[in-house]
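Participant: What follows is the file upload_1.txt, containing compact mmCIF, C-alpha atoms:
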```txt
# COMPACT_ATOMS: atom_id res chain seq x y z
CA MET A 974 -23.14 -12.50 -249.24
CA SER A 975 -20.29 -14.16 -251.13
CA PRO A 976 -19.62 -12.92 -254.66
CA VAL A 977 -21.23 -14.85 -257.48
CA SER A 978 -18.67 -16.51 -259.74
CA TRP A 979 -19.17 -15.94 -263.46
CA THR A 980 -17.65 -17.85 -266.29
CA LYS A 981 -17.95 -17.41 -270.02
CA ASP A 982 -19.56 -19.92 -272.31
CA ALA A 983 -19.68 -20.20 -276.10
CA VAL A 984 -22.71 -17.88 -276.29
CA HIS A 985 -20.86 -15.18 -274.35
CA ILE A 986 -17.87 -15.44 -276.68
CA GLU A 987 -20.10 -15.32 -279.74
CA THR A 988 -21.83 -12.21 -278.40
CA GLU A 989 -18.52 -10.56 -277.55
CA VAL A 990 -17.30 -11.00 -281.12
CA ILE A 991 -20.56 -9.80 -282.68
CA MET A 992 -20.61 -6.71 -280.47
CA GLY A 993 -16.93 -6.15 -281.24
CA ARG A 994 -17.72 -5.94 -284.95
CA GLN A 995 -19.43 -2.61 -284.28
CA VAL A 996 -16.07 -0.99 -283.54
CA HIS A 997 -13.57 -3.32 -285.23
CA SER A 998 -13.70 -4.14 -288.93
CA GLY A 999 -10.74 -6.50 -288.94
CA SER A 1000 -10.27 -10.08 -287.78
CA PHE A 1001 -10.98 -11.67 -284.41
CA LEU A 1002 -8.65 -14.32 -283.01
CA ILE A 1003 -10.37 -16.42 -280.33
CA LEU A 1004 -7.96 -18.14 -277.94
CA GLU A 1005 -8.27 -20.65 -275.13
CA GLY A 1006 -6.83 -18.61 -272.27
CA PRO A 1007 -4.78 -15.70 -270.89
CA ASP A 1008 -1.40 -17.36 -271.57
CA ASP A 1009 -2.34 -17.71 -275.24
CA GLN A 1010 -3.32 -14.06 -275.27
CA LYS A 1011 0.09 -13.11 -273.84
CA PHE A 1012 1.81 -15.09 -276.59
CA TRP A 1013 -0.22 -13.66 -279.46
CA TYR A 1014 -0.50 -10.07 -278.24
CA LEU A 1015 2.70 -8.87 -279.95
CA ARG A 1016 2.53 -11.36 -282.82
CA VAL A 1017 -0.72 -10.46 -284.55
CA ALA A 1018 -1.14 -7.70 -287.10
CA PRO A 1019 -1.46 -4.39 -285.20
CA GLN A 1020 -4.87 -2.71 -285.56
CA GLU A 1021 -6.04 -5.53 -287.85
CA CYS A 1022 -6.59 -8.38 -285.38
CA GLU A 1023 -8.55 -8.29 -282.12
CA LEU A 1024 -7.83 -10.95 -279.48
CA VAL A 1025 -10.67 -12.63 -277.59
CA VAL A 1026 -10.08 -14.99 -274.65
CA GLY A 1027 -12.48 -17.92 -274.84
CA ASP A 1028 -11.92 -19.42 -271.38
CA GLY A 1029 -11.35 -22.94 -272.64
CA LYS A 1030 -11.22 -25.06 -275.77
CA PRO A 1031 -14.94 -26.03 -275.77
CA ASN A 1032 -15.90 -22.35 -275.69
CA VAL A 1033 -13.59 -21.51 -278.60
CA GLU A 1034 -14.95 -24.36 -280.72
CA GLY A 1035 -18.52 -23.64 -279.70
CA ALA A 1036 -18.28 -19.92 -280.41
CA ILE A 1037 -16.75 -20.47 -283.85
CA THR A 1038 -19.41 -22.99 -284.88
CA ARG A 1039 -22.13 -20.59 -283.72
CA LEU A 1040 -20.51 -17.75 -285.68
CA ASP A 1041 -20.31 -20.03 -288.72
CA THR A 1042 -24.06 -20.57 -288.48
CA ARG A 1043 -24.51 -16.81 -288.60
CA ARG A 1044 -22.16 -16.63 -291.62
CA PHE A 1045 -19.99 -14.26 -289.62
CA SER A 1046 -16.73 -13.57 -291.45
CA GLY A 1047 -13.31 -12.76 -290.08
CA ALA A 1048 -13.23 -14.88 -286.90
CA LEU A 1049 -10.57 -17.56 -286.38
CA GLY A 1050 -10.23 -19.81 -283.36
CA ILE A 1051 -6.91 -21.36 -282.32
CA VAL A 1052 -6.93 -24.30 -279.91
CA ASP A 1053 -4.44 -26.79 -278.55
CA ALA A 1054 -4.40 -30.01 -280.53
CA ASP A 1055 -4.22 -32.06 -277.32
CA PHE A 1056 -4.77 -35.69 -278.39
CA ASP A 1057 -7.29 -34.84 -281.11
CA ARG A 1058 -4.93 -35.49 -284.00
CA LEU A 1059 -3.81 -38.81 -282.54
CA GLN A 1060 -7.42 -39.82 -281.93
CA GLY A 1061 -8.47 -38.90 -285.47
CA ARG A 1062 -10.79 -36.13 -284.30
CA ALA A 1063 -11.25 -33.40 -286.89
CA LEU A 1064 -11.97 -29.80 -285.95
CA PRO A 1065 -15.63 -28.87 -286.51
CA SER A 1066 -14.95 -25.77 -288.63
CA PRO A 1067 -12.51 -24.47 -291.25
CA ASN A 1068 -12.32 -21.40 -289.04
CA LEU A 1069 -10.58 -23.41 -286.33
CA LEU A 1070 -6.88 -24.24 -286.30
CA ALA A 1071 -4.97 -26.44 -283.88
CA THR A 1072 -1.37 -26.23 -282.79
CA ASP A 1073 0.95 -28.50 -284.77
CA ALA A 1074 2.18 -30.01 -281.50
CA HIS A 1075 0.18 -31.11 -278.45
CA ASP A 1076 -0.23 -27.53 -277.22
CA LEU A 1077 1.34 -24.09 -277.36
CA GLU A 1078 3.93 -24.94 -274.71
CA CYS A 1079 5.16 -27.84 -276.84
CA VAL A 1080 5.43 -25.52 -279.84
CA LEU A 1081 7.64 -23.25 -277.73
CA LEU A 1082 9.79 -26.03 -276.26
CA ARG A 1083 10.36 -27.52 -279.69
CA SER A 1084 11.75 -24.17 -280.87
CA ALA A 1085 14.93 -22.22 -280.16
CA ALA A 1086 13.08 -20.60 -277.24
CA LEU A 1087 14.19 -23.57 -275.13
CA ASP A 1088 17.81 -22.64 -275.83
CA GLN A 1089 17.10 -19.15 -274.47
CA VAL A 1090 15.70 -20.64 -271.26
CA LEU A 1091 18.74 -22.87 -270.88
CA ALA A 1092 21.03 -19.89 -271.45
CA GLU A 1093 19.18 -17.85 -268.83
CA TYR A 1094 18.72 -20.45 -266.09
CA GLY A 1095 21.08 -23.30 -266.96
CA ASP A 1096 24.73 -23.85 -266.14
CA PRO A 1097 26.77 -24.51 -269.32
CA ALA A 1098 29.17 -26.87 -267.54
CA LYS A 1099 26.33 -28.89 -266.00
CA ILE A 1100 24.47 -29.06 -269.29
CA ARG A 1101 27.59 -30.20 -271.13
CA ARG A 1102 28.30 -32.82 -268.45
CA PHE A 1103 24.73 -34.12 -268.63
CA GLU A 1104 24.72 -34.34 -272.41
CA ASP A 1105 28.12 -36.04 -272.52
CA THR A 1106 27.13 -38.55 -269.84
CA HIS A 1107 23.72 -39.43 -271.24
CA GLY A 1108 24.53 -39.08 -274.93
CA SER A 1109 21.51 -36.92 -275.68
CA ARG A 1110 20.67 -33.24 -275.93
CA VAL A 1111 18.62 -31.64 -273.20
CA ARG A 1112 15.60 -31.27 -275.50
CA ASP A 1113 15.60 -34.99 -276.32
CA ALA A 1114 16.08 -35.93 -272.67
CA LEU A 1115 13.21 -33.65 -271.66
CA LEU A 1116 10.97 -35.18 -274.29
CA ALA A 1117 11.84 -38.73 -273.17
CA ARG A 1118 10.84 -37.89 -269.59
CA GLY A 1119 7.66 -36.21 -270.74
CA LEU A 1120 6.64 -39.27 -272.73
CA VAL A 1121 6.34 -41.29 -269.51
CA PHE A 1122 3.48 -39.03 -268.45
CA GLY A 1123 2.17 -38.32 -271.94
CA ARG A 1124 1.73 -41.97 -272.87
CA LEU A 1125 -0.15 -42.63 -269.63
CA ARG A 1126 -2.44 -39.68 -270.38
CA TRP A 1127 -3.04 -40.95 -273.90
CA LEU A 1128 -3.73 -44.49 -272.72
CA ALA A 1129 -6.18 -43.21 -270.10
CA LEU A 1130 -8.03 -41.26 -272.79
CA ARG A 1131 -8.21 -44.26 -275.12
CA ARG A 1132 -9.42 -46.58 -272.35
CA GLY A 1133 -11.79 -44.09 -270.72
CA TRP A 1134 -9.88 -44.14 -267.43
CA ASN A 1135 -10.68 -41.05 -265.40
CA LEU A 1136 -7.29 -40.82 -263.69
CA PRO A 1137 -6.60 -37.99 -261.21
CA PHE A 1138 -3.67 -36.48 -263.09
CA ASP A 1139 -3.57 -33.59 -260.66
CA ARG A 1140 -2.08 -36.18 -258.27
CA LEU A 1141 0.15 -37.79 -260.91
CA MET A 1142 2.24 -34.77 -261.83
CA PRO A 1143 5.95 -34.90 -262.76
CA GLU A 1144 6.97 -33.06 -259.59
CA ARG A 1145 5.86 -36.04 -257.52
CA PHE A 1146 7.69 -38.73 -259.51
CA THR A 1147 10.93 -37.05 -260.63
CA ASP A 1148 14.12 -37.20 -258.56
CA ARG A 1149 15.46 -33.67 -258.13
CA ASP A 1150 19.04 -34.86 -257.69
CA THR A 1151 19.23 -37.12 -260.75
CA TRP A 1152 16.39 -35.82 -262.97
CA GLU A 1153 15.19 -39.39 -263.41
CA VAL A 1154 11.49 -40.26 -263.54
CA ASP A 1155 10.18 -43.02 -261.29
CA ARG A 1156 8.13 -44.74 -263.97
CA ASP A 1157 7.13 -47.70 -261.80
CA GLY A 1158 6.16 -45.37 -258.96
CA LEU A 1159 3.93 -43.43 -261.34
CA TYR A 1160 2.22 -46.59 -262.58
CA ALA A 1161 1.82 -47.92 -259.05
CA ALA A 1162 0.19 -44.66 -257.94
CA ALA A 1163 -2.14 -44.80 -260.94
CA VAL A 1164 -3.11 -48.38 -260.12
CA THR A 1165 -4.02 -47.44 -256.53
CA THR A 1166 -6.87 -45.33 -257.92
CA GLY A 1167 -8.67 -48.60 -258.64
CA MET A 1168 -9.27 -47.68 -262.28
CA LEU A 1169 -6.33 -49.65 -263.72
CA PRO A 1170 -5.95 -53.43 -263.75
CA GLY A 1171 -2.34 -53.60 -262.51
CA ILE A 1172 1.17 -52.37 -263.22
CA GLU A 1173 2.04 -55.16 -265.67
CA ALA A 1174 -1.17 -54.62 -267.62
CA VAL A 1175 -0.53 -50.88 -267.78
CA GLN A 1176 3.04 -51.43 -268.97
CA ALA A 1177 1.84 -53.78 -271.70
CA ALA A 1178 -0.93 -51.40 -272.79
CA ILE A 1179 1.47 -48.47 -272.99
CA ALA A 1180 3.95 -50.53 -274.99
CA ALA A 1181 1.15 -51.39 -277.44
CA LEU A 1182 0.24 -47.76 -278.13
CA PRO A 1183 0.65 -46.74 -281.80
CA ASP A 1184 3.77 -44.94 -282.89
CA ALA A 1185 3.22 -41.18 -282.94
CA ASP A 1186 5.09 -37.91 -282.90
CA PRO A 1187 6.33 -37.41 -279.31
CA TRP A 1188 5.51 -33.69 -279.53
CA SER A 1189 1.89 -34.68 -280.08
CA ILE A 1190 1.88 -37.02 -277.08
CA CYS A 1191 3.64 -34.93 -274.45
CA ARG A 1192 1.70 -32.28 -272.55
CA GLY A 1193 3.52 -28.96 -272.49
CA HIS A 1194 2.78 -28.24 -268.83
CA ASP A 1195 4.31 -31.59 -267.87
CA LEU A 1196 7.42 -30.76 -269.91
CA ILE A 1197 7.86 -27.35 -268.31
CA GLY A 1198 7.45 -28.92 -264.86
CA LEU A 1199 10.14 -31.46 -265.74
CA LEU A 1200 12.39 -28.73 -267.13
CA ARG A 1201 12.07 -26.77 -263.89
CA ILE A 1202 13.16 -29.80 -261.88
CA GLY A 1203 16.14 -30.40 -264.16
CA LEU A 1204 17.25 -26.78 -263.95
CA GLN A 1205 17.24 -26.81 -260.16
CA HIS A 1206 20.20 -29.17 -259.87
CA VAL A 1207 21.21 -31.34 -262.83
CA LEU A 1208 21.17 -28.61 -265.49
CA GLY A 1209 21.57 -25.46 -263.43
CA ASP A 1210 20.93 -23.78 -260.11
CA LEU A 1211 17.40 -22.51 -260.57
CA LYS A 1212 16.01 -21.00 -257.39
CA PRO A 1213 12.95 -22.72 -255.92
CA SER A 1214 11.13 -19.40 -256.12
CA LYS A 1215 11.15 -19.66 -259.91
CA GLY A 1216 8.06 -21.55 -260.92
CA VAL A 1217 6.57 -23.09 -264.03
CA GLY A 1218 4.93 -19.75 -264.81
CA ASP A 1219 8.31 -18.01 -264.93
CA LEU A 1220 9.70 -20.53 -267.40
CA ALA A 1221 6.55 -20.38 -269.53
CA ALA A 1222 6.75 -16.58 -269.65
CA LEU A 1223 10.38 -16.67 -270.81
CA LEU A 1224 9.53 -19.28 -273.46
CA ARG A 1225 6.77 -17.05 -274.82
CA ALA A 1226 9.03 -14.01 -274.90
CA ALA A 1227 11.95 -15.89 -276.49
CA PHE A 1228 9.97 -17.45 -279.34
CA ASN A 1229 11.12 -15.90 -282.60
CA GLN A 1230 8.49 -14.71 -285.05
CA SER A 1231 10.48 -16.18 -287.93
CA GLU A 1232 9.91 -19.68 -286.51
CA LEU A 1233 6.19 -19.04 -286.61
CA ASP A 1234 6.46 -17.79 -290.20
CA ARG A 1235 8.43 -20.87 -291.28
CA GLY A 1236 6.49 -23.51 -289.36
CA GLY A 1237 3.39 -25.45 -290.25
CA PHE A 1238 1.35 -23.57 -287.67
CA GLY A 1239 2.15 -20.23 -289.28
CA ARG A 1240 1.49 -21.61 -292.76
CA SER A 1241 -1.95 -22.77 -291.63
CA ILE A 1242 -2.75 -19.26 -290.43
CA ARG A 1243 -1.53 -17.79 -293.72
CA GLY A 1244 -3.72 -20.29 -295.52
CA TRP A 1245 -6.75 -19.12 -293.55
CA GLU A 1246 -5.90 -15.51 -294.43
CA THR A 1247 -5.72 -16.41 -298.12
CA ALA A 1248 -9.14 -18.08 -297.92
CA ASN A 1249 -10.66 -15.18 -295.95
CA PRO A 1250 -9.65 -11.87 -297.54
CA PRO A 1251 -9.26 -9.12 -296.49
CA TYR A 1252 -8.83 -10.38 -292.91
CA ARG A 1253 -5.35 -10.72 -291.47
CA ILE A 1254 -4.09 -12.41 -288.33
CA LEU A 1255 -0.33 -12.06 -288.75
CA PRO A 1256 1.75 -9.12 -289.93
CA PRO A 1257 2.91 -9.32 -293.55
CA PRO A 1258 5.79 -11.79 -293.94
CA PRO A 1259 9.28 -10.28 -294.22
CA GLN A 1260 10.23 -9.21 -297.73
CA TRP A 1261 13.45 -10.73 -299.03
CA PRO A 1262 15.35 -8.79 -301.71
CA GLU A 1263 15.38 -10.65 -305.01
CA GLY A 1264 18.40 -12.92 -305.20
CA SER A 1265 19.27 -12.36 -301.52
CA THR A 1266 20.54 -15.31 -299.47
CA SER A 1267 20.45 -13.58 -296.10
CA ARG A 1268 17.84 -11.88 -293.95
CA PRO A 1269 17.52 -8.16 -294.70
CA GLU A 1270 18.68 -5.81 -291.97
```
Could you render the structure from this file as structure tokens?
Facilitator:
Amino acid sequence: MSPVSWTKDAVHIETEVIMGRQVHSGSFLILEGPDDQKFWYLRVAPQECELVVGDGKPNVEGAITRLDTRRFSGALGIVDADFDRLQGRALPSPNLLATDAHDLECVLLRSAALDQVLAEYGDPAKIRRFEDTHGSRVRDALLARGLVFGRLRWLALRRGWNLPFDRLMPERFTDRDTWEVDRDGLYAAAVTTGMLPGIEAVQAAIAALPDADPWSICRGHDLIGLLRIGLQHVLGDLKPSKGVGDLAALLRAAFNQSELDRGGFGRSIRGWETANPPYRILPPPPQWPEGSTSRPE
């Protein structure tokens, strides 16, 4: 007999948190998946915050709303914003926070963690040559390539097109020798699904999309896939054995806690802590000596 697969749902997450209260008096941070857990594991307040993996955004939101109904205190859910902010969708609970970019990977790529990845896997001469030739920094060039895919994803969401994005990934439409995206090839492949009216109509619809923060449009996994392709030839000599998971792991490790403390995402978490004493998610912020202009040693 084959093993029975088992997946969590919002009720399971709710129960896990309620049962956890019997042994943990501090806060619970409910996250979408294992990669989020890896990121937060060393960044939450030791002994004060318990991590719970929700197995997906709907489970996190569902568990928090169920806990709210019970008037359970001390549970915070963090989810990827995805396109919610652009679509005007509000989170269903004050005990839910969303990333201040499209997802966690975008938060990492927007930070100095990207520079650490480039230092580890890039070739300084190749990077300098690319930036001089194209007149843009690697981060900006990466974002521009990601927007090709991000805008199509956003348009599909707005129009209700159920496109098979597992077959429209950056790896299929990005030239490994030039790091250029075949935009027309992507649109043509999307049109062949029969869900889109034609390339010209798609181009016009994408051009008519509202202006928005590119970091809210681009999907982090697309960006890391594009970065991997760029590092294999144009920006470095990354071995084919190094995958998206390797780059994502380095980004998580390289992200500096101070960027979290200074950013809007971190401020939102601090705001939740202020509204929900005595529960803490993050360690206390660093104390600066009065009158000091530099970070204390």
Participant: Which stretch 1173-1262 of chain A residues have any atom within 7 Å of an atom of stretch 1086-1100 of chain A, and for each, what is the nearest pair of atoms with distance in Å to one decimal, counting all atoms listed in the file, rows sorted by chain and number, as CSV?
Facilitator:
```
residue,atom,partner,partner_atom,distance
A:Leu1204,CA,A:Gly1095,CA,6.0
A:Val1207,CA,A:Lys1099,CA,6.5
A:Leu1208,CA,A:Ile1100,CA,5.1
A:Gly1209,CA,A:Gly1095,CA,4.2
A:Asp1210,CA,A:Gly1095,CA,6.9
A:Leu1211,CA,A:Tyr1094,CA,6.0
A:Leu1223,CA,A:Val1090,CA,6.7
A:Leu1224,CA,A:Ala1086,CA,5.4
A:Ala1227,CA,A:Ala1086,CA,4.9
A:Phe1228,CA,A:Ala1086,CA,4.9
```
Participant: Work out how far atom CA of A:Leu1159 is from atom CA of A:Trp1127, in Å to one decimal.
Facilitator: 14.6 Å
Participant: Would you work out the distance separating atom CA of A:Glu1144 from atom CA of A:Leu1199, expressed in Å to one decimal?
Facilitator: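 That distance, rounded to one decimal, is 7.1 Å.
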Participant: Which distance in Å separates atom CA of A:Ala1071 and atom CA of A:Glu1021, to one decimal?
Facilitator: 21.3 Å
Participant: Restricting the calculation to all atoms listed in the file: of A:Gly1203, A:Gly1108, A:Gly1123, A:Gly999, which residue gets closest to A:Glu1153?
Facilitator: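 Closest residue, counting all atoms listed in the file: A:Gly1203.
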Participant: List the spatial neighbours of A:Gly1167 as a list in words - criterion: any atom at most 12 Å away, all atoms listed in the file, same-chain residues fewer than 4 positions off excluded.
Facilitator: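 After dropping sequence-adjacent residues, the list is Trp1134, Asn1135, Leu1136, Pro1137, Tyr1160, Ala1161, Ala1162, Ala1163, Gly1171 and Ile1172 of chain A.
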Participant: Write out as a tab-separated table (two decimals) with C-alpha atoms, in the coordinates of the input each polymer residue whose atoms come within 9 Å of A:Ile1051, counting all atoms listed in the file; drop sequence neighbours fewer than 6 positions from it.
Facilitator:
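To be explicit, this is the file written out as result16.tsv:
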```
chain	number	residue	atom	x	y	z
A	1002	LEU	CA	-8.65	-14.32	-283.01
A	1003	ILE	CA	-10.37	-16.42	-280.33
A	1004	LEU	CA	-7.96	-18.14	-277.94
A	1005	GLU	CA	-8.27	-20.65	-275.13
A	1030	LYS	CA	-11.22	-25.06	-275.77
A	1033	VAL	CA	-13.59	-21.51	-278.60
A	1034	GLU	CA	-14.95	-24.36	-280.72
A	1068	ASN	CA	-12.32	-21.40	-289.04
A	1069	LEU	CA	-10.58	-23.41	-286.33
A	1070	LEU	CA	-6.88	-24.24	-286.30
A	1071	ALA	CA	-4.97	-26.44	-283.88
A	1072	THR	CA	-1.37	-26.23	-282.79
```
Participant: Selecting C-alpha atoms, how would stretch 1143-1181 of chain A from this structure be written as a JSON list (two decimals), in the first residue's frame?
Facilitator:
```
[["chain", "number", "residue", "atom", "x", "y", "z"],
["A", 1143, "PRO", "CA", 13.05, 32.61, -17.24],
["A", 1144, "GLU", "CA", 15.35, 29.66, -17.91],
["A", 1145, "ARG", "CA", 13.46, 28.93, -21.12],
["A", 1146, "PHE", "CA", 13.49, 32.47, -22.53],
["A", 1147, "THR", "CA", 16.86, 33.89, -21.45],
["A", 1148, "ASP", "CA", 19.99, 33.59, -23.60],
["A", 1149, "ARG", "CA", 22.80, 32.19, -21.48],
["A", 1150, "ASP", "CA", 25.50, 33.81, -23.60],
["A", 1151, "THR", "CA", 24.09, 37.35, -23.63],
["A", 1152, "TRP", "CA", 21.75, 37.38, -20.59],
["A", 1153, "GLU", "CA", 19.04, 38.88, -22.79],
["A", 1154, "VAL", "CA", 15.38, 37.89, -22.40],
["A", 1155, "ASP", "CA", 13.44, 36.83, -25.48],
["A", 1156, "ARG", "CA", 10.38, 38.92, -24.72],
["A", 1157, "ASP", "CA", 8.61, 38.14, -28.00],
["A", 1158, "GLY", "CA", 9.32, 34.43, -27.58],
["A", 1159, "LEU", "CA", 7.77, 34.55, -24.11],
["A", 1160, "TYR", "CA", 4.64, 36.29, -25.39],
["A", 1161, "ALA", "CA", 4.37, 33.93, -28.34],
["A", 1162, "ALA", "CA", 4.59, 30.91, -26.03],
["A", 1163, "ALA", "CA", 1.92, 32.43, -23.79],
["A", 1164, "VAL", "CA", -0.35, 33.01, -26.77],
["A", 1165, "THR", "CA", -0.06, 29.37, -27.88],
["A", 1166, "THR", "CA", -1.89, 28.36, -24.69],
["A", 1167, "GLY", "CA", -5.05, 29.70, -26.32],
["A", 1168, "MET", "CA", -5.86, 31.94, -23.36],
["A", 1169, "LEU", "CA", -4.42, 35.16, -24.82],
["A", 1170, "PRO", "CA", -5.77, 37.06, -27.83],
["A", 1171, "GLY", "CA", -2.44, 37.60, -29.63],
["A", 1172, "ILE", "CA", 1.05, 39.02, -29.21],
["A", 1173, "GLU", "CA", 0.11, 42.58, -30.18],
["A", 1174, "ALA", "CA", -2.84, 42.60, -27.79],
["A", 1175, "VAL", "CA", -0.65, 41.28, -24.98],
["A", 1176, "GLN", "CA", 2.01, 43.90, -25.66],
["A", 1177, "ALA", "CA", -0.60, 46.66, -25.58],
["A", 1178, "ALA", "CA", -2.19, 45.34, -22.38],
["A", 1179, "ILE", "CA", 1.18, 45.12, -20.64],
["A", 1180, "ALA", "CA", 2.07, 48.65, -21.74],
["A", 1181, "ALA", "CA", -1.23, 49.85, -20.25]]
```
